[in-house]
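Dumped work.cif below, it's mmCIF, C-alpha atoms:
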data_start
#
loop_
_atom_site.label_atom_id
_atom_site.label_comp_id
_atom_site.auth_asym_id
_atom_site.auth_seq_id
_atom_site.Cartn_x
_atom_site.Cartn_y
_atom_site.Cartn_z
CA MET A 1 0.00 0.00 0.00
CA LYS A 2 1.35 3.40 -0.93
CA ALA A 3 1.50 5.70 2.04
CA SER A 4 0.96 8.86 0.05
CA THR A 5 -2.37 7.69 -1.35
CA ILE A 6 -4.15 7.10 1.94
CA ASP A 7 -6.23 9.44 4.06
CA LYS A 8 -4.60 10.46 7.35
CA LYS A 9 -7.89 9.94 9.18
CA VAL A 10 -7.82 6.29 8.21
CA LEU A 11 -4.32 5.97 9.63
CA TYR A 12 -5.40 7.53 12.91
CA ALA A 13 -8.25 5.02 13.02
CA TYR A 14 -5.72 2.20 12.65
CA LEU A 15 -3.66 3.60 15.50
CA GLU A 16 -6.79 3.57 17.69
CA GLU A 17 -6.24 -0.20 17.77
CA ILE A 18 -2.97 0.19 19.67
CA LYS A 19 -3.40 0.27 23.41
CA ASP A 20 -1.18 1.57 26.18
CA PRO A 21 0.28 -1.66 27.63
CA GLU A 22 0.15 -0.20 31.15
CA VAL A 23 -3.43 1.07 30.85
CA PRO A 24 -4.92 -1.24 28.20
CA VAL A 25 -8.27 0.54 28.13
CA LEU A 26 -6.64 3.59 26.52
CA SER A 27 -5.49 3.73 22.92
CA ILE A 28 -2.42 5.74 22.08
CA ILE A 29 -4.77 8.23 20.40
CA ASP A 30 -6.84 8.60 23.60
CA LEU A 31 -3.62 9.14 25.51
CA GLY A 32 -2.61 11.92 23.12
CA ILE A 33 0.92 10.68 22.49
CA VAL A 34 0.67 10.51 18.68
CA ARG A 35 1.92 13.90 17.50
CA ASP A 36 1.89 13.48 13.75
CA ILE A 37 1.87 11.06 10.88
CA LYS A 38 4.01 11.92 7.87
CA MET A 39 3.38 10.22 4.59
CA ASN A 40 6.46 10.12 2.43
CA ASP A 41 6.48 8.28 -0.88
CA ASP A 42 6.80 4.72 0.28
CA GLU A 43 7.35 5.32 3.96
CA LEU A 44 5.09 6.19 6.87
CA GLU A 45 6.57 8.12 9.75
CA VAL A 46 4.66 8.13 13.03
CA ILE A 47 5.84 10.72 15.54
CA ILE A 48 5.12 9.94 19.18
CA THR A 49 6.02 11.52 22.51
CA SER A 50 6.44 9.93 25.92
CA THR A 51 4.22 10.76 28.87
CA TYR A 52 7.06 10.55 31.41
CA THR A 53 10.72 10.48 30.29
CA GLY A 54 11.28 7.07 31.84
CA CYS A 55 8.06 5.44 30.64
CA PRO A 56 9.08 1.83 29.94
CA ALA A 57 6.12 1.32 27.61
CA MET A 58 7.49 3.54 24.83
CA ASP A 59 9.59 0.87 23.12
CA MET A 60 6.67 -1.58 23.22
CA ILE A 61 4.36 1.05 21.78
CA ALA A 62 6.80 1.86 18.97
CA THR A 63 7.06 -1.84 18.10
CA ALA A 64 3.27 -2.26 18.22
CA ILE A 65 2.83 0.65 15.79
CA ARG A 66 5.30 -0.87 13.32
CA VAL A 67 3.72 -4.32 13.56
CA GLU A 68 0.16 -2.97 13.18
CA LEU A 69 1.01 -0.88 10.13
CA ASN A 70 3.19 -3.62 8.58
CA THR A 71 0.28 -6.05 8.94
CA LEU A 72 -1.96 -3.58 7.15
CA GLY A 73 0.42 -3.58 4.22
CA PHE A 74 2.68 -0.62 4.85
CA LYS A 75 6.13 -2.05 4.27
CA LYS A 76 8.23 0.85 5.48
CA VAL A 77 7.22 2.33 8.78
CA LYS A 78 9.40 4.59 10.90
CA VAL A 79 8.51 5.58 14.46
CA THR A 80 10.30 8.63 15.84
CA GLN A 81 10.09 10.14 19.30
CA THR A 82 9.91 13.83 20.05
CA ILE A 83 10.11 15.47 23.46
CA SER A 84 8.89 18.94 22.60
CA PRO A 85 6.30 20.26 23.24
CA ALA A 86 6.15 18.31 26.49
CA TRP A 87 3.15 16.01 26.92
CA THR A 88 0.54 17.03 29.44
CA THR A 89 -2.70 15.34 30.48
CA ASP A 90 -4.50 18.04 28.46
CA TRP A 91 -3.56 15.95 25.42
CA MET A 92 -5.75 13.12 26.65
CA SER A 93 -9.10 12.95 24.84
CA GLU A 94 -12.45 13.33 26.64
CA GLU A 95 -13.25 9.84 25.39
CA GLY A 96 -10.04 8.64 27.05
CA LYS A 97 -11.02 10.21 30.36
CA ARG A 98 -14.43 8.54 30.20
CA LYS A 99 -12.82 5.14 29.48
CA LEU A 100 -10.43 5.56 32.42
CA GLN A 101 -13.32 6.27 34.77
CA GLU A 102 -15.19 3.17 33.59
CA TYR A 103 -12.05 1.08 33.97
CA GLY A 104 -11.72 2.10 37.64
CA ILE A 105 -9.00 4.75 37.33
CA ALA A 106 -9.97 8.30 38.30
CA PRO A 107 -9.15 10.55 35.30
CA PRO A 108 -6.86 13.60 35.62
CA ASP A 109 -8.64 16.63 37.02
CA LYS A 110 -7.33 20.02 35.93
CA ARG A 111 -8.41 21.70 39.14
CA PHE A 112 -5.62 20.06 41.09
CA ALA A 113 -2.44 18.16 40.37
CA ILE A 114 -2.26 15.88 43.41
CA PRO A 115 -5.16 16.66 45.70
CA LYS A 116 -4.91 15.43 49.27
CA ASP A 117 -8.57 14.50 49.08
CA GLY A 118 -11.66 15.08 46.97
CA VAL A 119 -10.80 12.98 43.91
CA GLU A 120 -14.02 11.30 42.81
CA CYS A 121 -14.08 7.58 43.53
CA PRO A 122 -14.49 5.75 40.19
CA LEU A 123 -16.59 3.05 41.88
CA CYS A 124 -19.18 4.82 44.08
CA HIS A 125 -18.57 8.42 42.86
CA SER A 126 -18.10 9.76 46.38
CA SER A 127 -15.69 12.68 46.80
CA ASN A 128 -14.94 11.60 50.34
CA THR A 129 -11.55 10.09 49.42
CA ARG A 130 -7.97 10.39 50.59
CA LEU A 131 -4.48 10.28 49.10
CA VAL A 132 -2.55 7.14 50.08
CA SER A 133 0.61 7.72 48.05
CA GLU A 134 1.73 10.24 45.44
CA PHE A 135 3.37 7.41 43.52
CA GLY A 136 1.34 4.49 42.22
CA SER A 137 1.80 1.35 40.15
CA THR A 138 3.12 3.35 37.19
CA ALA A 139 4.77 6.76 36.85
CA CYS A 140 1.52 8.33 35.67
CA LYS A 141 -0.68 7.31 38.61
CA ALA A 142 -1.15 8.08 42.31
CA LEU A 143 -2.90 5.88 44.86
CA TYR A 144 -6.10 6.85 46.69
CA GLN A 145 -8.72 5.23 48.87
CA CYS A 146 -12.42 5.99 49.12
CA ASN A 147 -13.56 6.66 52.70
CA ASP A 148 -17.14 5.65 51.86
CA CYS A 149 -16.95 2.42 49.86
CA LYS A 150 -13.36 1.74 51.09
CA GLU A 151 -12.20 0.88 47.58
CA PRO A 152 -8.53 1.67 46.89
CA PHE A 153 -8.10 3.17 43.42
CA ASP A 154 -5.60 4.77 41.06
CA TYR A 155 -5.79 8.40 40.00
CA PHE A 156 -4.22 9.36 36.67
CA LYS A 157 -2.12 12.32 37.79
CA CYS A 158 -2.60 15.70 36.21
CA HIS A 159 0.72 16.35 34.49
CA MET B 1 31.23 21.49 20.77
CA SER B 2 33.22 19.51 23.32
CA ASN B 3 31.92 21.80 26.07
CA LEU B 4 28.35 21.07 25.03
CA ILE B 5 29.05 17.31 24.94
CA ASN B 6 30.69 17.39 28.38
CA TYR B 7 27.86 19.46 29.80
CA THR B 8 25.26 17.07 28.40
CA LEU B 9 27.18 14.11 29.86
CA HIS B 10 27.35 15.89 33.22
CA LEU B 11 23.55 16.28 33.25
CA ALA B 12 23.12 12.66 32.16
CA ASP B 13 25.56 11.28 34.73
CA ASN B 14 23.88 13.16 37.59
CA ALA B 15 20.52 11.65 36.71
CA LEU B 16 21.86 8.15 36.02
CA ILE B 17 23.90 7.81 39.22
CA LEU B 18 21.15 9.07 41.51
CA GLY B 19 18.65 6.87 39.67
CA GLN B 20 20.93 3.87 40.14
CA ARG B 21 21.41 4.65 43.82
CA ASN B 22 17.66 4.86 44.40
CA THR B 23 17.06 1.50 42.70
CA GLU B 24 19.04 -0.12 45.51
CA TRP B 25 15.88 0.42 47.59
CA CYS B 26 13.78 -1.73 45.26
CA GLY B 27 12.18 -4.36 47.46
CA HIS B 28 13.71 -2.82 50.62
CA GLY B 29 11.65 0.35 51.14
CA PRO B 30 10.29 0.99 54.64
CA ILE B 31 6.72 0.37 53.43
CA LEU B 32 5.34 -0.71 50.09
CA GLU B 33 4.10 2.74 48.97
CA GLN B 34 7.47 4.36 49.68
CA ASP B 35 9.37 1.54 48.01
CA ILE B 36 7.26 2.27 44.94
CA ALA B 37 7.79 6.02 45.32
CA ILE B 38 11.58 5.91 45.46
CA THR B 39 11.82 3.51 42.53
CA ASN B 40 9.38 5.64 40.52
CA ILE B 41 11.78 8.52 41.09
CA SER B 42 14.57 6.26 39.81
CA LEU B 43 12.56 5.58 36.69
CA ASP B 44 12.11 9.30 36.03
CA LEU B 45 15.82 9.96 36.59
CA VAL B 46 16.95 7.12 34.34
CA GLY B 47 14.50 8.40 31.72
CA GLN B 48 16.07 11.85 31.94
CA ALA B 49 19.54 10.31 31.74
CA ARG B 50 18.54 8.46 28.56
CA SER B 51 17.36 11.67 26.89
CA PHE B 52 20.66 13.39 27.72
CA TYR B 53 22.81 10.39 26.67
CA GLN B 54 20.95 10.08 23.38
CA TYR B 55 21.65 13.73 22.70
CA ALA B 56 25.32 13.41 23.73
CA ALA B 57 25.71 10.43 21.39
CA GLN B 58 24.16 12.45 18.57
CA LEU B 59 26.52 15.38 19.26
CA LYS B 60 29.57 13.12 19.30
CA ALA B 61 28.63 12.01 15.80
CA ASP B 62 30.82 8.90 15.96
CA ASP B 63 29.64 5.37 16.69
CA SER B 64 28.56 6.27 20.24
CA THR B 65 25.17 5.18 21.52
CA GLU B 66 23.35 6.01 24.75
CA ASP B 67 24.24 2.55 26.09
CA MET B 68 27.94 2.94 25.33
CA LEU B 69 28.02 6.24 27.17
CA ALA B 70 26.38 4.73 30.24
CA TYR B 71 28.14 1.36 30.25
CA PHE B 72 31.61 1.81 28.81
CA ARG B 73 33.01 4.96 30.36
CA THR B 74 35.21 4.66 33.44
CA GLU B 75 35.04 6.48 36.75
CA ARG B 76 37.28 9.37 35.71
CA ASP B 77 35.08 10.07 32.71
CA PHE B 78 31.94 10.40 34.81
CA LYS B 79 31.01 14.01 35.51
CA ASN B 80 28.29 13.67 38.12
CA CYS B 81 28.52 15.74 41.28
CA LEU B 82 29.65 14.00 44.45
CA LEU B 83 26.28 14.30 46.20
CA VAL B 84 24.46 11.81 43.96
CA GLU B 85 27.01 9.01 44.39
CA GLN B 86 26.88 9.01 48.19
CA PRO B 87 25.60 5.79 49.76
CA ASN B 88 21.92 5.37 50.59
CA GLY B 89 22.66 4.99 54.31
CA ASP B 90 19.34 4.81 56.12
CA TRP B 91 16.02 6.18 54.86
CA ALA B 92 16.83 9.61 56.33
CA GLN B 93 20.06 9.86 54.35
CA THR B 94 18.39 8.76 51.12
CA ILE B 95 15.57 11.26 51.67
CA LEU B 96 17.93 14.13 52.46
CA ARG B 97 20.11 13.39 49.41
CA GLN B 98 17.00 13.38 47.22
CA PHE B 99 15.72 16.61 48.74
CA LEU B 100 19.05 18.47 48.40
CA PHE B 101 19.47 17.29 44.82
CA SER B 102 15.84 17.71 43.68
CA SER B 103 15.77 21.29 44.94
CA TYR B 104 18.99 21.92 42.96
CA GLN B 105 17.62 20.20 39.85
CA TYR B 106 14.38 22.14 40.16
CA PHE B 107 16.09 25.53 39.91
CA LEU B 108 18.62 24.23 37.37
CA TYR B 109 15.98 22.94 34.94
CA GLN B 110 13.97 26.13 35.31
CA GLU B 111 16.95 27.99 33.86
CA LEU B 112 17.96 25.25 31.44
CA GLN B 113 14.58 25.35 29.72
CA LYS B 114 15.56 28.87 28.54
CA ASN B 115 18.91 27.62 27.15
CA SER B 116 19.76 28.51 23.55
CA ASP B 117 20.29 24.82 22.84
CA GLU B 118 16.81 23.65 21.89
CA THR B 119 17.29 19.99 22.78
CA LEU B 120 18.63 20.68 26.27
CA ALA B 121 15.82 23.19 26.79
CA ALA B 122 13.19 20.64 25.71
CA ILE B 123 14.56 17.89 27.97
CA ALA B 124 14.62 20.35 30.88
CA GLU B 125 11.06 21.50 30.25
CA LYS B 126 9.80 17.93 30.18
CA SER B 127 11.83 16.78 33.19
CA LEU B 128 10.89 19.76 35.33
CA LYS B 129 7.38 18.38 35.82
CA GLU B 130 8.85 15.19 37.24
CA VAL B 131 11.38 17.00 39.42
CA SER B 132 8.66 19.21 40.93
CA TYR B 133 7.06 16.01 42.08
CA HIS B 134 10.28 14.62 43.55
CA LEU B 135 10.88 17.89 45.35
CA ARG B 136 7.45 17.96 46.95
CA TRP B 137 7.64 14.34 48.04
CA SER B 138 11.14 14.62 49.50
CA SER B 139 10.34 17.95 51.23
CA GLU B 140 7.37 16.35 52.98
CA TRP B 141 9.59 13.48 54.12
CA VAL B 142 12.30 15.80 55.46
CA ILE B 143 9.64 17.58 57.52
CA ARG B 144 8.12 14.31 58.69
CA LEU B 145 11.49 12.95 59.84
CA GLY B 146 12.85 16.20 61.30
CA ASP B 147 9.68 17.07 63.14
CA GLY B 148 8.90 13.45 63.98
CA THR B 149 10.26 11.34 66.82
CA ASP B 150 13.56 11.77 68.65
CA GLU B 151 14.87 8.83 66.67
CA SER B 152 13.89 10.19 63.24
CA HIS B 153 15.17 13.66 64.19
CA SER B 154 18.57 12.33 65.22
CA ARG B 155 18.80 10.21 62.06
CA ILE B 156 18.21 13.11 59.71
CA LEU B 157 20.56 15.33 61.72
CA LYS B 158 23.23 12.73 61.10
CA ALA B 159 22.35 12.75 57.40
CA ILE B 160 22.82 16.53 57.25
CA ASP B 161 26.20 16.09 58.89
CA GLU B 162 27.10 13.45 56.34
CA LEU B 163 25.85 15.13 53.14
CA TRP B 164 26.07 18.89 53.56
CA ARG B 165 29.75 18.97 52.58
CA TYR B 166 28.77 17.83 49.05
CA THR B 167 26.34 20.69 48.36
CA GLY B 168 28.94 23.44 47.77
CA GLU B 169 30.11 21.87 44.52
CA LEU B 170 26.66 22.23 42.96
CA PHE B 171 27.10 26.00 42.70
CA ILE B 172 30.75 26.23 41.62
CA PRO B 173 30.82 26.16 37.81
CA VAL B 174 33.50 24.20 35.96
CA PRO B 175 34.68 25.34 32.48
CA TYR B 176 32.20 23.30 30.39
CA GLU B 177 29.30 24.62 32.49
CA LYS B 178 30.49 28.19 31.99
CA GLU B 179 30.67 27.69 28.23
CA ALA B 180 27.56 25.63 27.53
CA GLY B 181 25.31 25.57 30.54
CA VAL B 182 23.38 27.39 33.18
CA ASP B 183 25.35 29.71 35.49
CA VAL B 184 24.93 27.56 38.58
CA SER B 185 26.36 30.21 40.89
CA LEU B 186 23.16 32.17 40.31
CA LEU B 187 21.01 29.29 41.57
CA LYS B 188 22.50 29.32 45.04
CA ASN B 189 20.20 31.93 46.59
CA ASP B 190 16.97 30.30 45.48
CA TRP B 191 18.25 26.90 46.52
CA SER B 192 19.39 28.13 49.95
CA GLU B 193 16.04 29.76 50.61
CA LYS B 194 14.08 26.69 49.62
CA VAL B 195 16.28 24.37 51.66
CA LYS B 196 16.26 26.70 54.64
CA ALA B 197 12.46 26.96 54.61
CA VAL B 198 12.03 23.19 54.63
CA LEU B 199 14.73 22.50 57.22
CA THR B 200 13.29 25.19 59.49
CA GLU B 201 9.83 23.69 59.25
CA ALA B 202 11.41 20.35 60.03
CA THR B 203 12.97 21.88 63.19
CA LEU B 204 16.43 21.21 61.75
CA PRO B 205 19.48 23.51 61.70
CA VAL B 206 21.03 24.86 58.49
CA PRO B 207 24.79 24.24 58.67
CA GLU B 208 27.10 27.19 58.16
CA ASN B 209 30.78 27.53 57.27
CA ILE B 210 31.29 23.86 56.53
CA PHE B 211 34.25 22.69 54.42
CA MET B 212 32.96 21.73 50.98
CA GLN B 213 34.23 18.80 48.90
CA THR B 214 34.55 19.31 45.13
CA GLY B 215 35.82 17.42 42.09
CA GLY B 216 32.97 15.22 40.84
CA LYS B 217 32.14 17.39 37.86
CA THR B 218 35.68 17.03 36.53
CA GLY B 219 36.03 13.34 37.30
CA THR B 220 37.60 13.24 40.76
CA HIS B 221 35.12 11.17 42.73
CA THR B 222 34.66 9.72 46.19
CA GLU B 223 35.49 6.02 46.53
CA HIS B 224 31.82 5.11 46.13
CA LEU B 225 31.45 5.73 42.39
CA GLY B 226 33.69 2.86 41.35
CA TYR B 227 31.50 0.39 43.19
CA ILE B 228 28.33 1.81 41.64
CA LEU B 229 29.81 1.49 38.14
CA THR B 230 31.02 -2.03 38.85
CA GLU B 231 27.47 -3.12 39.51
CA LEU B 232 25.85 -0.92 36.86
CA GLN B 233 28.24 -1.91 34.07
CA TYR B 234 28.93 -5.53 34.93
CA VAL B 235 26.70 -7.23 32.39
CA GLN B 236 27.77 -5.05 29.47
CA ARG B 237 31.43 -5.40 30.41
CA ALA B 238 31.18 -9.18 30.66
CA TYR B 239 28.99 -9.61 27.58
CA PRO B 240 29.51 -6.51 25.43
CA GLY B 241 26.47 -5.55 23.37
CA CYS B 242 24.20 -8.18 24.92
CA GLU B 243 20.45 -7.53 24.85
CA TRP B 244 17.54 -8.80 26.90
#
Could you spell out this file's structure in structure tokens?
Amino acid sequence: MKASTIDKKVLYAYLEEIKDPEVPVLSIIDLGIVRDIKMNDDELEVIITSTYTGCPAMDMIATAIRVELNTLGFKKVKVTQTISPAWTTDWMSEEGKRKLQEYGIAPPDKRFAIPKDGVECPLCHSSNTRLVSEFGSTACKALYQCNDCKEPFDYFKCH
Amino acid sequence: MSNLINYTLHLADNALILGQRNTEWCGHGPILEQDIAITNISLDLVGQARSFYQYAAQLKADDSTEDMLAYFRTERDFKNCLLVEQPNGDWAQTILRQFLFSSYQYFLYQELQKNSDETLAAIAEKSLKEVSYHLRWSSEWVIRLGDGTDESHSRILKAIDELWRYTGELFIPVPYEKEAGVDVSLLKNDWSEKVKAVLTEATLPVPENIFMQTGGKTGTHTEHLGYILTELQYVQRAYPGCEW
């Protein structure tokens, strides 16, 4: 398949199939880490950015992009990483935030970076919650507990 | 160009060595959440180191790679400051080292993001978000330990005694910093005020007129660095180029 003859929107739809290995409910499009797709003559270049500099998922994501696009018939695929402009949680789509909530992870809330309390519990929706630890199971999450339903949950940190 | 390469390596080495030190806590943290916290900080630091090493390799324009720069340079080639290579000691010493260094890195990256070199500026801008986090976390711990029990207070006092002598070097520029980097002497006031505010809240004294050790930035290290590199570089030295 010739890269230059295909609609960019279609390519973005393909990339929707690639999930964040750490948060498999989010696609890399939801996460907002795909910065651009360049269509050269016979080569596709996908430009991505990392959420946190040390995110160990980046290499897996780059491989997944190449495999997905190769499978669809694009023979030459290049994935490049950019660091500027720096990723923030503002790049995450509204759809992504909704999916996080359903999955049991409280989505980033612009009103506060790491609130001591008041993050809405993704299970019972109470705001009577407390911070357990600023660092969670991955670099992008913090750990909370709901004081009402007692459920411990992750909060995707505002970054 | 060589000044820019050396400066980039200095920034990379600082992040790598402190990251490596913090990983020694993996599985040994005082409680699970703090074990996760300190190793998350490692992950951020190693991520920052990778960005700087990749850029240094690109600037060298020979066959260097980020891995070669991390795994095949010897002690004298490392340009990290002495503070980051100091042993973990107890939790108080690890916390204080992180706090002293994160507050330095915080003001450093704020200036570095205005640097005329676009790549260094971009790495600084991205890393600053992470460092702000490390600074807040370590500040809270310094206060908790200083203003905690007699035991925790005496432990962090001992840590101040142990580590303070390595803070002077942070603000004395070496030639490659003067040519390519941030003027670190200008960071000293902001750093001192931040550190003083936290130590005061923690009911801890701020040392004055202490003899300061220097040399790390130009390759003269304490005895500890060699041991860190021995562990860090072992696999690549024994099996050069091996991959997972």
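Residues in contact with stretch 130-133 of chain A at up to 9 Å, not including ones fewer than 6 positions away on its chain and judged by all atoms listed in the file, are Ile114, Pro115, Lys116, Asp117, Gly118, Val119, Ala142, Leu143, Tyr144, Gln145, Cys146, Asn147 and Pro152 of chain A; Glu33, Gln34 and Ala37 of chain B.
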Determine, for each residue of chain A having at least one atom at most 9 Å from an atom of chain B, the closest pair of atoms and their separation in Å to one decimal, counting only C-alpha atoms; order by chain and ascending number, as CSV.
residue,atom,partner,partner_atom,distance
A:Tyr52,CA,B:Asp44,CA,7.0
A:Thr53,CA,B:Gly47,CA,4.5
A:Gly54,CA,B:Gly47,CA,3.5
A:Cys55,CA,B:Gly47,CA,7.2
A:Pro56,CA,B:Leu43,CA,8.5
A:Ile83,CA,B:Ala122,CA,6.4
A:Ser84,CA,B:Ala122,CA,5.6
A:Pro85,CA,B:Ala122,CA,7.3
A:Ala86,CA,B:Lys126,CA,5.2
A:Trp87,CA,B:Lys126,CA,7.7
A:Val132,CA,B:Glu33,CA,8.1
A:Ser133,CA,B:Glu33,CA,6.2
A:Glu134,CA,B:Ala37,CA,7.4
A:Phe135,CA,B:Ala37,CA,5.0
A:Gly136,CA,B:Ile36,CA,6.9
A:Ser137,CA,B:Ile36,CA,7.3
A:Thr138,CA,B:Asn40,CA,7.5
A:Ala139,CA,B:Asn40,CA,6.0
A:Leu143,CA,B:Glu33,CA,8.7
A:His159,CA,B:Lys129,CA,7.1
Selection export as a PDB file, in the frame of the given file, atoms kept: C-alpha atoms:
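Ended up saving to part.pdb:
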ATOM      1  CA  TYR A  52       7.060  10.550  31.410  1.00  0.00           C
ATOM      2  CA  THR A  53      10.720  10.480  30.290  1.00  0.00           C
ATOM      3  CA  GLY A  54      11.280   7.070  31.840  1.00  0.00           C
ATOM      4  CA  CYS A  55       8.060   5.440  30.640  1.00  0.00           C
ATOM      5  CA  PRO A  56       9.080   1.830  29.940  1.00  0.00           C
ATOM      6  CA  ILE A  83      10.110  15.470  23.460  1.00  0.00           C
ATOM      7  CA  SER A  84       8.890  18.940  22.600  1.00  0.00           C
ATOM      8  CA  PRO A  85       6.300  20.260  23.240  1.00  0.00           C
ATOM      9  CA  ALA A  86       6.150  18.310  26.490  1.00  0.00           C
ATOM     10  CA  TRP A  87       3.150  16.010  26.920  1.00  0.00           C
ATOM     11  CA  VAL A 132      -2.550   7.140  50.080  1.00  0.00           C
ATOM     12  CA  SER A 133       0.610   7.720  48.050  1.00  0.00           C
ATOM     13  CA  GLU A 134       1.730  10.240  45.440  1.00  0.00           C
ATOM     14  CA  PHE A 135       3.370   7.410  43.520  1.00  0.00           C
ATOM     15  CA  GLY A 136       1.340   4.490  42.220  1.00  0.00           C
ATOM     16  CA  SER A 137       1.800   1.350  40.150  1.00  0.00           C
ATOM     17  CA  THR A 138       3.120   3.350  37.190  1.00  0.00           C
ATOM     18  CA  ALA A 139       4.770   6.760  36.850  1.00  0.00           C
ATOM     19  CA  LEU A 143      -2.900   5.880  44.860  1.00  0.00           C
ATOM     20  CA  HIS A 159       0.720  16.350  34.490  1.00  0.00           C
TER      21      HIS A 159
END
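Protein, DNA and RNA residues at most 10 Å from (-13.2, 1.0, 36.4), with all atoms listed in the file, are these: Val25, Arg98, Lys99, Leu100, Gln101, Glu102, Tyr103, Gly104, Ile105, Ala106, Cys121, Pro122, Leu123, Phe153 and Asp154 of chain A.
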If you keep C-alpha atoms, can you produce a file of those selected residues as a short mmCIF file (atom, residue, chain, number, x, y, z; two decimals), in the coordinates of the input?
data_model
loop_
_atom_site.label_atom_id
_atom_site.label_comp_id
_atom_site.auth_asym_id
_atom_site.auth_seq_id
_atom_site.Cartn_x
_atom_site.Cartn_y
_atom_site.Cartn_z
CA VAL A 25 -8.27 0.54 28.13
CA ARG A 98 -14.43 8.54 30.20
CA LYS A 99 -12.82 5.14 29.48
CA LEU A 100 -10.43 5.56 32.42
CA GLN A 101 -13.32 6.27 34.77
CA GLU A 102 -15.19 3.17 33.59
CA TYR A 103 -12.05 1.08 33.97
CA GLY A 104 -11.72 2.10 37.64
CA ILE A 105 -9.00 4.75 37.33
CA ALA A 106 -9.97 8.30 38.30
CA CYS A 121 -14.08 7.58 43.53
CA PRO A 122 -14.49 5.75 40.19
CA LEU A 123 -16.59 3.05 41.88
CA PHE A 153 -8.10 3.17 43.42
CA ASP A 154 -5.60 4.77 41.06
#
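Here atom CA of B:Pro175 is placed at a distance of 7.8 Å from atom CA of B:Asn3.
Between atom CA of B:Phe72 and atom CA of B:Leu229 the interatomic distance comes to 9.5 Å.
You will find atom CA of B:Thr218 at 9.6 Å from atom CA of B:Asn6.
Using all atoms listed in the file for every distance, the candidate list B:Val142, B:Leu18, B:Leu108, B:Ala70 yields B:Leu108 as the residue closest to B:Asp190.
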Practice prompt. List every protein, DNA or RNA residue that has an atom no more than 12 Å from (28.5, 15.8, 25.0) in the file's coordinate frame, counting only C-alpha atoms, and report them as JSON, numbers by chain.
Written response: {"B": [1, 2, 3, 4, 5, 6, 7, 8, 9, 10, 11, 12, 13, 52, 53, 54, 55, 56, 57, 58, 59, 60, 61, 62, 64, 65, 66, 69, 77, 78, 79, 120, 176, 177, 180, 181]}
Now that the selection is made, can you save its residues with C-alpha atoms as a short mmCIF file (atom, residue, chain, number, x, y, z; two decimals), in the frame of the given file?
data_model
loop_
_atom_site.label_atom_id
_atom_site.label_comp_id
_atom_site.auth_asym_id
_atom_site.auth_seq_id
_atom_site.Cartn_x
_atom_site.Cartn_y
_atom_site.Cartn_z
CA MET B 1 31.23 21.49 20.77
CA SER B 2 33.22 19.51 23.32
CA ASN B 3 31.92 21.80 26.07
CA LEU B 4 28.35 21.07 25.03
CA ILE B 5 29.05 17.31 24.94
CA ASN B 6 30.69 17.39 28.38
CA TYR B 7 27.86 19.46 29.80
CA THR B 8 25.26 17.07 28.40
CA LEU B 9 27.18 14.11 29.86
CA HIS B 10 27.35 15.89 33.22
CA LEU B 11 23.55 16.28 33.25
CA ALA B 12 23.12 12.66 32.16
CA ASP B 13 25.56 11.28 34.73
CA PHE B 52 20.66 13.39 27.72
CA TYR B 53 22.81 10.39 26.67
CA GLN B 54 20.95 10.08 23.38
CA TYR B 55 21.65 13.73 22.70
CA ALA B 56 25.32 13.41 23.73
CA ALA B 57 25.71 10.43 21.39
CA GLN B 58 24.16 12.45 18.57
CA LEU B 59 26.52 15.38 19.26
CA LYS B 60 29.57 13.12 19.30
CA ALA B 61 28.63 12.01 15.80
CA ASP B 62 30.82 8.90 15.96
CA SER B 64 28.56 6.27 20.24
CA THR B 65 25.17 5.18 21.52
CA GLU B 66 23.35 6.01 24.75
CA LEU B 69 28.02 6.24 27.17
CA ASP B 77 35.08 10.07 32.71
CA PHE B 78 31.94 10.40 34.81
CA LYS B 79 31.01 14.01 35.51
CA LEU B 120 18.63 20.68 26.27
CA TYR B 176 32.20 23.30 30.39
CA GLU B 177 29.30 24.62 32.49
CA ALA B 180 27.56 25.63 27.53
CA GLY B 181 25.31 25.57 30.54
#
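Within 10 Å of A:Pro21, once only C-alpha atoms are used and residues closer than 2 positions along the same chain are dropped, the contacting residues are Ile18, Lys19, Val23, Pro24, Val25, Leu26, Ser27, Ile28, Pro56, Ala57, Met58, Met60, Ile61 and Ala64 of chain A.
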Worksheet entry | Long-range neighbours of B:Ser152 as a PyMOL selection string, 12 Å cut-off, all atoms listed in the file, 2 positions minimum in chain | chain B and resi 90-93+95+141-150+154-159+202-204
Practice prompt. Might you spell out which residues the PyMOL selection byres ((chain B and resi 167) around 9) would select in the displayed file, as a list in words?
Written response: Cys81, Leu82, Leu83, Leu100, Phe101, Leu163, Trp164, Arg165, Tyr166, Gly168, Glu169, Leu170, Phe171, Met212, Gln213 and Thr214 of chain B
Worksheet entry | Residues near A:Lys8, cut-off 10 Å, all atoms listed in the file, skip fewer than 6 positions along chain, as a PyMOL selection string | chain A and resi 14+36-39
